[in-house]
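Enquirer: A single structure is presented below for examination.
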Amino acid sequence: MALQNQIPYEYRNVPIPGGGYVTGFVFHKHSPDLLYIRTDIGGCYRFDYQNKLWISLIDHVTMFDLSESYPVAIALDDQKPNMLYIACGVNSEDTSKEENIGKSGVLAISEDFGNTFRYETIPALVHGNLNGRGTGFRLVVDPNHSNVLYFASQKDGLLKSQDYGKTWKKLNVGGENWMTFVWVSPDSTKIIVSTAGVTTKVDEELRGHSMYISYDSGENFEKMMQPKSQKITISKMSGFVGQRYDFDGVYFYVTFAQTGTYSYVIENGYSCDSGDTCGGKVIRYQFDENGKISGYQDITPLALSGHKKDDVLNYGFSGISCGHSTPGLVVATTICRKPHGDILYLSRDYGNSWEVALYDLEIGTLNFRAPYMKPEYNGNHSIIHWMSDIKINPFKSDEVWFNSGTGVFTSHNLLDTKRYFYDFCDGIEETVHLNVYSPVKGEVQLLDILGDLGGFAFRNLNEPCENTFADEDNNRYITCINADFSDYDEQKVIITPRGNWTGQTKGGLIYSTDQCKTFTRLSMPFGISDKIDEKLHQIESPNVNSGWVALSSDGENIVWSVADQISLPIELCICSTNKGKSFSKVRVYDLQKKEIKTGFMKVFSDRVNPKLMYGFGDQSQIYLSKDGGVTFYQYETPTDFPKVLFTYIDCANKTEVRGESGKEGIFYLALNIHGLWKMTYNKNTDSFHFLKLTKDQDIIYRLGLGLQREHGVYMEEDKAFYISGVINKEYGFYRSLDQAKTWQRINTEGQMFGEINSIDGDCRTFGRFYIATGSRGVLYGQPM
């Protein structure tokens, strides 16, 4: 199997844009037009002021080390504008369990504004998508000593390096290990640290002291005055925790929050991670003539809150920024304020008085550029939430940037009485995509299944999609797992969405008869069994996986593998023979024709024969239905066919199964370390044949089928293969036009795009294929 010469390919995002949580901003203090952002799962970006575009700094990242996709802090060197430091890390395939995450982070160091990096190790847990991600700054460079760095880790204390991050030592900050930020004064003598008060907590209901200060460059720390913490009934763990800070040369400002009522993470549930906070405050510290903290004022803004100054707020404060070219200018943001989202406050007198600059759709003019962000898709309210950071351009006080759970927003007339705000995510593509499909015909060029935003049916690959997967009232569904559709009647499409966070939509199945222009939610088929009823009720709760679905090639029969979290139990598999009007339990039989009561199965439809459905098990069992999914029977598999888990969904799915359009009974299976296989069902002999197409050392992670030649007909010929994998010991994207006999590499070292969850080839444009990533949105590649 020879590897032919590399073909030059160009890659572009199919624009969404934004879509994920941008966790922080940093401007360079002394160099104009130098701005970076970090995200929770999508790496870091630099803003190109000349071209008005965000530039990704992680396109070189491969699936073998995704650390740079998960940054928790950015630091810039005041003396060297070209220097960029990023603390990042994720060291486990299963990041859903904190105990599986590695104990060492990565310090990515760039000397050319993020174009290239070298790496050092941080001896602490680092993860950009764990709790506390919305606080900062966690990483700073000493203003006067470029070799000195400080890192306030998530749960392993305050670390200091004196050799540009090569080695680190832990500083003693009152015995506290859970940190949220660190600040170093302009003269390098004072260091202020905020902690989460977990190691030193008073008891299970009250945190320890939060704020500490050193007057000797970190050799010794003492408690710094702060608002007094006391147990409050609406907090699961009371106690103030510093969120963010800024220093205007005179005052040091700190925002505070406490763990909210519904927090599922108690220790560090003070940020937006659990969706609620309480007890918010904005505090202004002053220094005496000797440079020591001499006191503070509570300058918490309360407009629109209905609270008095001493009341305990049912939300927090987080973002804080000073206008460094306009003395007295300060902006601050609430965090997890309900109802109707967060408030942006503005002060022109150092926080002595405040005005509301932006609130929902009522105060401040808020324009939306990305279609899915429009109020009509979000309950007729602003989509802005998790406003945990805000920054004023140090050189242009009219320019402000702030974050949201769906990207970034900006204003360029902040100081005007009539202000305009708008989302500006051009170039930011950090959504998690689970599956992609290229319909054989119709207006839709790409059917995109993704987390949080549900999905998009792109009719133009170069424009954001106006349509989202929404109900008749334009309320969006969210995270979908898969889609299926008829190759012969392209108008028929079925999707597996979750219901949105507000409960305005409910999960289950949605069906379209106009190729995703509109959807009808199928009625829940309660009454089949108690176990199925239990899972269906759970699916109707916000943000719960609905499962996996297959649609027969004529669009009549539906097989729904109802989910149990990320698994597809056989006992929850149901079938409809009348387009979803009614369902019955699927019957599955083993090799001895005995009904299977336990186990797992994922179902796919034959692309030609509406009566054939194929089931794949958790130990490579193969099942076949000849009655449109009503009953399945297990078939023998050869002894050399590998044992593979086919039945996980969501990001846990590690296989890709593609049925060949225009061909009955033909599937291609990407089986990771077991390579690429062709599975053929022979109707005449009623048997399956399995053929491995790749060499033993080759690894095939994802697979798509595309047009085989430039002027071919997709339904009538063999397909081109597009894969992500390792061919001849080299990882990349590859194309084969001869059934995997030879491969052509179609990417460079700078075109890796991190985690790859799905691939499909374009059915109508030769050479084009689509990539569903876990951190860089959805992309298409095509020959240059």
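By convention in this document, the chains of the structure tokens carry letters A, B, ... by their order, each chain's residues are numbered from 1, and ligands are numbered from 1 in the order they are shown.
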Range 450-634 of chain A: which residues are alpha helix (DSSP H) by DSSP, as JSON, numbers by chain?

Expert: {"A": [530, 531, 532, 533, 534, 535, 536, 537, 538, 539]}

Enquirer: Counting only C-alpha atoms, what is within 7 Å of Gln751 in chain A, bar same-chain residues fewer than 2 positions away, as a list in words?

Expert: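 Returned residues: Asp59, His60, Asn747, Thr748, Glu749 and Phe753 of chain A.
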
Enquirer: Rank A:Leu669, A:Ile390, A:Ile55, A:Val603 by their smallest atom-to-atom distance to Ala483 in chain A, using only C-alpha atoms, and report the top residue only.

Expert: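 Smallest separation from Ala483 in chain A among the options: A:Val603.
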
Enquirer: Would you tabulate, counting only C-alpha atoms, all residues of range 634-684 of chain A that have an atom at most 10 Å from an atom of range 608-614 of chain A, showing the closest pair of atoms and their distance in Å to one decimal, sorted by chain then ascending number, as a Markdown table?

Expert:
| residue | atom | partner | partner_atom | distance |
| --- | --- | --- | --- | --- |
| A:Gln634 | CA | A:Tyr614 | CA | 9.8 |
| A:Gly659 | CA | A:Val608 | CA | 9.5 |
| A:Glu660 | CA | A:Val608 | CA | 8.9 |
| A:Ser661 | CA | A:Val608 | CA | 7.1 |
| A:Gly662 | CA | A:Val608 | CA | 6.1 |
| A:Lys663 | CA | A:Val608 | CA | 6.3 |
| A:Glu664 | CA | A:Val608 | CA | 5.2 |
| A:Gly665 | CA | A:Val608 | CA | 8.1 |
| A:Ile666 | CA | A:Val608 | CA | 9.8 |
| A:Phe667 | CA | A:Tyr614 | CA | 9.7 |
| A:Tyr681 | CA | A:Tyr614 | CA | 9.8 |

Enquirer: So that I have them on file, write out the residues from the current selection with N, CA, C and O atoms, as a PDB file, in the first residue's frame.

Expert:
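part_22.pdb was written with the following content:
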ATOM      1  N   GLN A 634     -28.969 -11.819  15.048  1.00  0.00           N
ATOM      2  CA  GLN A 634     -27.513 -11.785  15.023  1.00  0.00           C
ATOM      3  C   GLN A 634     -26.970 -12.704  13.944  1.00  0.00           C
ATOM      4  O   GLN A 634     -27.533 -13.785  13.676  1.00  0.00           O
ATOM      5  N   GLY A 659     -22.562   3.816   5.437  1.00  0.00           N
ATOM      6  CA  GLY A 659     -23.197   3.034   4.389  1.00  0.00           C
ATOM      7  C   GLY A 659     -22.958   3.677   3.041  1.00  0.00           C
ATOM      8  O   GLY A 659     -22.963   4.906   2.914  1.00  0.00           O
ATOM      9  N   GLU A 660     -22.744   2.852   2.020  1.00  0.00           N
ATOM     10  CA  GLU A 660     -22.435   3.382   0.694  1.00  0.00           C
ATOM     11  C   GLU A 660     -23.721   3.677  -0.071  1.00  0.00           C
ATOM     12  O   GLU A 660     -24.501   2.772  -0.380  1.00  0.00           O
ATOM     13  N   SER A 661     -23.927   4.948  -0.396  1.00  0.00           N
ATOM     14  CA  SER A 661     -25.114   5.341  -1.144  1.00  0.00           C
ATOM     15  C   SER A 661     -25.111   4.709  -2.517  1.00  0.00           C
ATOM     16  O   SER A 661     -24.080   4.590  -3.176  1.00  0.00           O
ATOM     17  N   GLY A 662     -26.321   4.265  -2.939  1.00  0.00           N
ATOM     18  CA  GLY A 662     -26.451   3.645  -4.238  1.00  0.00           C
ATOM     19  C   GLY A 662     -26.112   2.172  -4.257  1.00  0.00           C
ATOM     20  O   GLY A 662     -26.249   1.519  -5.298  1.00  0.00           O
ATOM     21  N   LYS A 663     -25.652   1.631  -3.137  1.00  0.00           N
ATOM     22  CA  LYS A 663     -25.261   0.224  -3.057  1.00  0.00           C
ATOM     23  C   LYS A 663     -26.008  -0.440  -1.895  1.00  0.00           C
ATOM     24  O   LYS A 663     -25.984   0.046  -0.767  1.00  0.00           O
ATOM     25  N   GLU A 664     -26.647  -1.537  -2.167  1.00  0.00           N
ATOM     26  CA  GLU A 664     -27.331  -2.284  -1.118  1.00  0.00           C
ATOM     27  C   GLU A 664     -26.332  -3.144  -0.350  1.00  0.00           C
ATOM     28  O   GLU A 664     -25.504  -3.847  -0.942  1.00  0.00           O
ATOM     29  N   GLY A 665     -26.392  -3.068   0.974  1.00  0.00           N
ATOM     30  CA  GLY A 665     -25.650  -3.988   1.814  1.00  0.00           C
ATOM     31  C   GLY A 665     -24.168  -3.715   1.950  1.00  0.00           C
ATOM     32  O   GLY A 665     -23.432  -4.597   2.391  1.00  0.00           O
ATOM     33  N   ILE A 666     -23.695  -2.519   1.613  1.00  0.00           N
ATOM     34  CA  ILE A 666     -22.261  -2.235   1.691  1.00  0.00           C
ATOM     35  C   ILE A 666     -21.995  -1.131   2.716  1.00  0.00           C
ATOM     36  O   ILE A 666     -22.575  -0.036   2.639  1.00  0.00           O
ATOM     37  N   PHE A 667     -21.125  -1.440   3.674  1.00  0.00           N
ATOM     38  CA  PHE A 667     -20.723  -0.488   4.706  1.00  0.00           C
ATOM     39  C   PHE A 667     -19.208  -0.481   4.816  1.00  0.00           C
ATOM     40  O   PHE A 667     -18.544  -1.508   4.620  1.00  0.00           O
ATOM     41  N   TYR A 681     -23.220  -7.303   2.854  1.00  0.00           N
ATOM     42  CA  TYR A 681     -24.278  -8.290   3.066  1.00  0.00           C
ATOM     43  C   TYR A 681     -24.737  -8.819   1.715  1.00  0.00           C
ATOM     44  O   TYR A 681     -25.116  -8.047   0.821  1.00  0.00           O
TER      45      TYR A 681
END

Enquirer: If you count only C-alpha atoms, which residues fall within 9 Å of Asp349 in chain A, apart from same-chain ones fewer than 4 positions away, as number ranges by chain?

Expert: A: 327-330, 353-354

Enquirer: Please determine, counting only C-alpha atoms, which residue among A:Trp183, A:Phe287, A:Phe252, A:Tyr731 has the shortest atom-to-atom distance to Tyr150 in chain A.

Expert: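 Among the listed residues, A:Trp183 lies closest to Tyr150 in chain A.
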
Enquirer: Skipping near chain neighbours, those fewer than 3 positions away, what residues fall within 12 Å of range 164-169 of chain A using only C-alpha atoms, listed as a count of residues only?

Expert: 43

Enquirer: Counting only C-alpha atoms, which residue out of A:Val493, A:Ile566, A:Met387, A:Cys465 sits closest to Cys651 in chain A?

Expert: A:Ile566

Enquirer: Would you kindly return, as number ranges by chain, each protein, DNA or RNA residue with an atom no farther than 6 Å from any atom of range 420-435 of chain A, considering only C-alpha atoms and excluding same-chain residues fewer than 2 positions away?

Expert: A: 17-20, 42, 53-54, 365-368, 408-411, 449-451, 757-758, 772-777

Enquirer: Show me, as a PyMOL selection string, the residues that have an atom within 10 Å of Leu415 in chain A when counting only C-alpha atoms, minus same-chain residues fewer than 5 positions from it.

Expert: chain A and resi 329+346+348+357+397-400
